[in-house]
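Asks: The structure's right below; bear with me while I get my questions together.
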Amino acid sequence: MTDLNLSRRFFVQSSIGAAGGLLLGFHVPQAQAAKTESRPWTTPTKGVEVNAWLSLDPDGTVTIRVPHTEMGQGGMTSVALMIAEELDVEWSKVQAVFADPNRHLRNDKEYKVMSTHGSQLVWLQHPHIMQAGASARERLKEAAALAWGVPRAQVVAKQGVLTSGARRAAYAEFAAAAANVKLTEEPAIKQAKDWWLLGTDVLRLDIPHKVNGSAQYAIDTRLPGMVYAAVKASPVPWGKLKSFNADAIKNRPGVIGAFELRAVAGKRGQPDLQDAVAVVATSWYRAKTALDLLPVEWDFGEAASVNNASLSAHAKKVLGETGLMTKEDPKALEAIAASKKVVTADYERPFEAHLRMEPINATVHVQDDRVDVWSPTQDQSAAILLVADQLGVDPKNVYAHTMFLGGGFGGNGAGGTGVTRQAAELSKRLKRPVKVLWSREEDIAQDKQRPMAAARMTASLGANGLPEAINTRALWYSIDKMNQIGPATADYGIRNMPYNIALRHHERHNVETHVPSSTHRGPGANQTGFITEVFADEMALAGGWNPLDWRIEMTKGKDDWQRVLKTLKEKAGYRTDLKKGEGMGVAVVECHGTIAAACATVSVSRGGQLTVEKIVIVADCGHVINPRGAVEQIEGAVVYELSHAWLGGLEMRGGRFVNTNFDSYNILRIDQTPEVEAHFALTGGKKWGGMGEPAGPPVPPAVANAIFAATGKRIRSTPFRLHDLSWA
Amino acid sequence: MAISLSINGVSHSLDIEPETPLLWVLRDEIGLTGTKYGCGISSCGACMVHVDGQPAKACQTAVSAVAGKQVTTIEGLSKDSNHPVQKAWREVGVPQCGYCQSGQIMSAAALLQKTPKPTDSQIDAAMAGNICRCGTYQRIKAGIRRAAQISGA
Ligand code: FES
Ligand code: FES
C-alpha cells in the first residue's frame, strides 16, 4: 500500500443512520467554497484565457471551464478541483462554468473527451484534466521567469501568486504572456502525496442552486416564441404508424398541429427516430391533453407476440445451447463431467428503465444561420452532431447549451436519444423554437432499457469444498447484440471473476430483440455481479464454507481484493448465526476500475415481508479526490440498484412494457431505504477507479444472499418482490 | 375566463382553461420552473408546493382551485435561500442531480411547520410521497434533523 497516510485518512466512515448524526470527517465552511451559477453555461468568462480550460482575472477570479455534464455525480466540482489542485489557486476564487461544446468540436476535440459516462471522469480522464492545470501553472512560471530574468525553477507558484526572491505577482499579471509560452516539455501531474486540495472534503458547487429552484435543467428552457410538443411513438418499439386523425383535435385550445415523424429504414440505434406522432401547442399541457385524445393506428408487427413468459422460455432454451466461446477450456468441461460434487444454477435479470427524474426532453431552435440545442444529454458534442445530421447542416453552426441534468445513469448518451432529432425536425418544420417533452409514460416506454440477461453457471468442487472447474454461459437480450455497451464489457464480470478456480470455460449468447437497449449505470456489471455473486454463495455453502471466508480464501494473492474483503470483515460484523428471519449476505464486484464489496443485513417476516436494514460498502477506487462526493455516490448507487433488484423489473406483454409510471414501476422510497455505511480501502499509487457506478453491483447479490441466510430461500432472479419469501 | 392567482406574494391574472394543473401554469405560463414535473399522476412529489401553507401536489391541483389562495413555490420559500431546510440541505449536501429537491424541500418545510421535532417514523410518513432517483434519502433524513435543530436554536 503506497500513500499510507492517505489511506488511513481515507478510512472515512460515513454513517447517517437512524440514530446518529452526520459523521463526515471534514467540514468546509460555505464562505470558503468556490462558486458557480444556476446557468453556468451563460456565465461570461472573466479575464484572460491561459488555455481552453481556464482564464485568470486581475480580481483573482479563476474561471474553470468544465467540458462534462453535471448530473448529480459531482463532475463539475471534480473537474474544477483537479485543475485548481495543479494550478495552485485558492478554492474560494474558483468559478466553474460549462465549456462550449461547439468550440470543442470546432477545435478538433479541444477538451479531449466531452462525453460523461462510465464513471470515467476521475478514473480515466484525470491525467489530461490535471495536465491542463499543471501546464498552465508551468507556463505562468515560465512567463514570470522570462520577465524577471531568472530560471523557471526559481519561480514559485502558490495560491494564485508567483514569487521569486523579493519579486511577487498575481497569476493574472502573466496570464496573457503564459498563453503564448511554449514549454519544451510538459510537466508531469502531481503525485497524491503532494496534493493540498484533492482528498479534502468539498461541498459540490452545484448544491446551492439546487435548494432554491434556480438550477436550470434542459426541461426548464424557455425561449421567446417557443412552442411545446408532446409525442407518442409506437408503444411496441419499431411499430409502424398507420394513421392518425388530426381533425379530432384541431379545435382543442392552443393546438397548432399534429405531425408525423418517421423511422429511417435500417436505423435502430440509440439516438434514432421511431415512427411517432407529435402534437404541438402553445403549452405542453395543451399539447399532451390533445395527444391523449388523438386517434392513432399502429401496425405493431411480429413483436406484438413477445411477453415475459416467452422471453424466459426462450432464455431457458438458449441456455441449453452452446454459445460463442469467450474462453474455451475442454478440461474444465471434462472435470465437471467427471465430478461427484457439482453445483449448477440458472439466473435471470429483466429489462430495466433508467427513470431519470427529469423526463426526456429537448429544445431546438432552427434559424437560417444557426441552430441551438438544449438537451439533457451526457454528451453535448454528440447532441450537436445528431442535430446536424438530422437537419443536414454543418455542425459548426450548431450550438449546444450544457444544462444541469436531472439524472443520467447512462441513458442520456449519444446526444440525448431520439428526442433530440424529434425537436430538430419539428423546429425545422415550424420555423420556431420547439420544446419536446416526453411524458413519464413515454419516457419509460421509449427508454433504451438495460438489457435482459440470463446465465447458467456450473462448477465442480474438490475435496476441500472449493471449486476446481467452472463453466459459464451468459445470455444477453439487446437490440444490437450488445454493440453499444460492448459484448466484452457485458460479461467482463463473469470472465474475470476474481476467484482462483484452476479450470474455466466461458461462453456467451447475444440475442437480438426489438427492445431498444443501452448503457445503464453499471452496464453488464449489475447483471453479472448478481449472477457471479449469488453463485459464489451457492458454491461456498455447498462446499461447507462461510461465504465471506470463502471469498477471502478464493482471492488469495490478489492484494486489492483481499484488502477490500478483509476491511469488509472488520467493519461489517458479518455473522451467519442470526435467528431465523434475520440474515446477512456479502458480495464483491469489480467494475470501472474499482472493487466494491457489500454486506447486507435484512429481516424477513414470516409472511415474507422484506426489510433491508443496512448496507455496508467497502470500496477501492485507488484514490479519492473528494471523499464527501465519493460517499454520496456510494449512497446513491446502493439505493439505485436496490430499487431495481427489489421493486423493479419491467414486464412485457404484447411486445410492450405494462409498467407505465411510478405507480406501476417503483423505486425505493425513504421508508424502504436502508442505512448505508461507506468505507474506503484504497490501494493508491497508480491505481485509479470510478465511483459513480461500482457501489451498485454488489448490492443485489448481497441482499439475495442475506435473504437466503434469513429464510433458506435462494433467489436467482430479480425483482425480489415477485418471490414468495414467507417461511415457517 | 381570467383567473387571479397569488404566487409567492405576487398577483397574476391569467386567461387559461380552469382545469389546467397548477404545475403547468407555474412552469409554462408564469416561468417559475423550480417546481418540477416527474410523473403527473401524484406518484413522485417533484411538483410539491404549498397552498395556504399546506403541502399540495401541483400536478393534481387545478389552477381554478387555488384562485384567491396563497401559493408558495420553492422560489418563494425564503427571500435569501436561508430557510432552515435550505440551510440544512447545503450543510448536509443533500442534492445530487437536484431535480427532485424542490419537492423534497417543500415537503420537509411543511413537515417541520407542523411537527418541529419529527421522529424518524414521522419523517418517513411525511416524505414517502417524494421520490429521489439519485437515492439521497439518507441525507434527506439527516437534513430534516439538522433543519429541526437550526429552527430550534
Ligand atoms: S409530478 Fe406531481 S406528483 Fe409527480
Ligand atoms: S437528487 Fe436526483 S432525483 Fe433526487
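The chains in the C-alpha cells are called A, B, ... from first to last as shown; in each chain the residues are counted from 1, and the ligands are counted from 1 in the order shown.
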Quick one: residues within 9 Å of Val255 of chain A, only C-alpha atoms counted, chain neighbours fewer than 3 positions away excluded, as a list in words?
Replies: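 In the requested form, the answer reads Ile249, Lys250, Asn251, Arg252, Ala258, Val279, Val280, Ala281, Thr282, Ser283, Arg286, Ala287 and Ala290 of chain A.
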Asks: Output as a Markdown table one row per residue of chain B within 8 Å of chain A: the closest atom pair and its distance in Å to one decimal place, counting only C-alpha atoms, sorted by chain and residue number ascending.
Replies:
| residue | atom | partner | partner_atom | distance |
| --- | --- | --- | --- | --- |
| B:Thr20 | CA | A:Tyr285 | CA | 7.3 |
| B:Trp24 | CA | A:Tyr285 | CA | 6.5 |
| B:Arg27 | CA | A:Asp220 | CA | 7.8 |
| B:Asp28 | CA | A:Ser283 | CA | 6.4 |
| B:Glu29 | CA | A:Ser283 | CA | 7.9 |
| B:Gly31 | CA | A:Arg222 | CA | 7.8 |
| B:Thr33 | CA | A:Asp220 | CA | 5.8 |
| B:Gly34 | CA | A:Gly213 | CA | 3.8 |
| B:Thr35 | CA | A:Gly213 | CA | 7.1 |
| B:Tyr37 | CA | A:Glu358 | CA | 7.5 |
| B:Gly38 | CA | A:Met357 | CA | 6.1 |
| B:Cys39 | CA | A:Arg440 | CA | 5.4 |
| B:Gly40 | CA | A:Arg440 | CA | 7.7 |
| B:Ser43 | CA | A:Phe662 | CA | 5.9 |
| B:Cys44 | CA | A:Phe662 | CA | 7.0 |
| B:Ile74 | CA | A:Asn212 | CA | 5.7 |
| B:Glu75 | CA | A:Asn212 | CA | 5.7 |
| B:Leu77 | CA | A:Asn212 | CA | 7.9 |
| B:Ser81 | CA | A:Asn212 | CA | 6.0 |
| B:Gln86 | CA | A:Val211 | CA | 5.7 |
| B:Trp89 | CA | A:Val211 | CA | 6.9 |
| B:Arg90 | CA | A:Pro208 | CA | 6.3 |
| B:Val92 | CA | A:Leu22 | CA | 7.6 |
| B:Gly93 | CA | A:Leu203 | CA | 6.7 |
| B:Val94 | CA | A:Ile207 | CA | 7.9 |
| B:Pro95 | CA | A:Ile207 | CA | 6.2 |
| B:Gln96 | CA | A:Gly72 | CA | 3.8 |
| B:Cys97 | CA | A:Gly72 | CA | 3.5 |
| B:Gly98 | CA | A:Lys210 | CA | 5.3 |
| B:Tyr99 | CA | A:Gly406 | CA | 4.9 |
| B:Cys100 | CA | A:Met357 | CA | 6.9 |
| B:Gln101 | CA | A:Val211 | CA | 6.7 |
| B:Ser102 | CA | A:Gly213 | CA | 6.0 |
| B:Ile105 | CA | A:Val211 | CA | 7.4 |
| B:Asp120 | CA | A:Ala18 | CA | 7.1 |
| B:Asp124 | CA | A:Asp671 | CA | 5.1 |
| B:Ala125 | CA | A:Asp671 | CA | 7.5 |
| B:Met127 | CA | A:Ile670 | CA | 6.7 |
| B:Ala128 | CA | A:Ile670 | CA | 5.6 |
| B:Gly129 | CA | A:Arg669 | CA | 7.7 |
| B:Asn130 | CA | A:Arg669 | CA | 7.3 |
| B:Ile131 | CA | A:Arg669 | CA | 6.0 |
| B:Cys132 | CA | A:Met357 | CA | 7.4 |
| B:Arg133 | CA | A:Met357 | CA | 6.0 |
| B:Cys134 | CA | A:Gly636 | CA | 5.3 |
| B:Gly135 | CA | A:Gly636 | CA | 4.4 |
| B:Thr136 | CA | A:Gly636 | CA | 6.1 |
| B:Tyr137 | CA | A:Ile670 | CA | 5.4 |
| B:Gln138 | CA | A:Ile16 | CA | 6.5 |
| B:Arg139 | CA | A:Ile16 | CA | 7.2 |
| B:Ala142 | CA | A:Ile16 | CA | 6.6 |
Asks: Need the shell around segment 293-298 of chain A: protein/DNA/RNA residues with any atom at most 10 Å away, counting only C-alpha atoms. Skip same-chain ones fewer than 4 positions apart. Format as a list in words?
Replies: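 In the requested form, the answer reads Lys232, Ala233, Ser234, Pro235, Val236, Gly239, Lys240, Leu241, Lys242, Ser243, Phe244, Asn245, Ala246, Asp247, Ala248, Ile249, Lys250, Arg252, Ala258, Asp275, Ala276, Val277, Val279, Lys288 and Thr289 of chain A.
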Asks: How would you write, as a PyMOL selection string, the set of residues in chain B that DSSP gives as helix (DSSP H, G or I)?
Replies: chain B and resi 22-30+58-60+63-66+74-76+84-92+101-114+120-127+137-152
Asks: Excluding same-chain residues fewer than 4 positions from Thr532 of chain A, what lies within 7 Å of it counting only C-alpha atoms, as a compact mmCIF listing (two decimals) with N, CA and C atoms, in the first residue's frame?
Replies:
# COMPACT_ATOMS: atom_id res chain seq x y z
N ILE A 494 -18.09 -11.91 -15.52
CA ILE A 494 -18.11 -13.38 -15.44
C ILE A 494 -16.75 -13.94 -15.86
N THR A 528 -24.06 -9.24 -14.28
CA THR A 528 -23.09 -10.30 -14.00
C THR A 528 -22.73 -10.33 -12.51
N ALA A 536 -21.47 -17.54 -6.24
CA ALA A 536 -20.35 -17.70 -5.31
C ALA A 536 -20.86 -18.20 -3.96
Asks: Please return as a list in words: the residues of segment 553-585 of chain A that backbone DSSP assigns to strand (DSSP E).
Replies: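 These are the residues in question: Glu582, Gly583, Met584 and Gly585 of chain A.
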Asks: Residues near segment 57-60 of chain B, anyone? I mean within 7 Å using only C-alpha atoms, not counting same-chain ones fewer than 4 positions away, as a count of residues only.
Replies: 9
Asks: Identify which of the residues B:Ile16, B:Ile41, B:Leu5, B:Val10 lies closest to ligand 1, counting only C-alpha atoms and all ligand atoms when measuring atom-to-atom distances.
Replies: B:Ile41
Asks: Identify, on the basis of only C-alpha atoms, every residue whose closest approach to Gly581 of chain A does not exceed 9 Å; exclude the query and any residue fewer than 4 positions from it along the same chain; express the result as number ranges by chain.
Replies: A: 602-606, 707, 709-711, 727
Asks: Can you pull out the residues contacting Lys69 of chain B? Cut-off 8 Å, using only C-alpha atoms, and skip same-chain residues under 6 positions away; I want them as a PDB file with C-alpha atoms, in the first residue's frame.
Replies:
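selection_19.pdb, written as the output of this step:
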ATOM      1  CA  LEU B   5     -53.579  33.871  -8.532  1.00  0.00           C
ATOM      2  CA  SER B   6     -51.227  34.810  -5.763  1.00  0.00           C
ATOM      3  CA  VAL B  51     -51.277  26.216  -0.855  1.00  0.00           C
ATOM      4  CA  ASP B  52     -52.234  28.359   2.118  1.00  0.00           C
TER       5      ASP B  52
END
Asks: Please compute the atom CA of Ser164 of chain A-atom CA of Thr200 of chain A distance, one decimal, in Å.
Replies: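 Taking atom CA of Ser164 of chain A and atom CA of Thr200 of chain A, their separation equals 28.6 Å.
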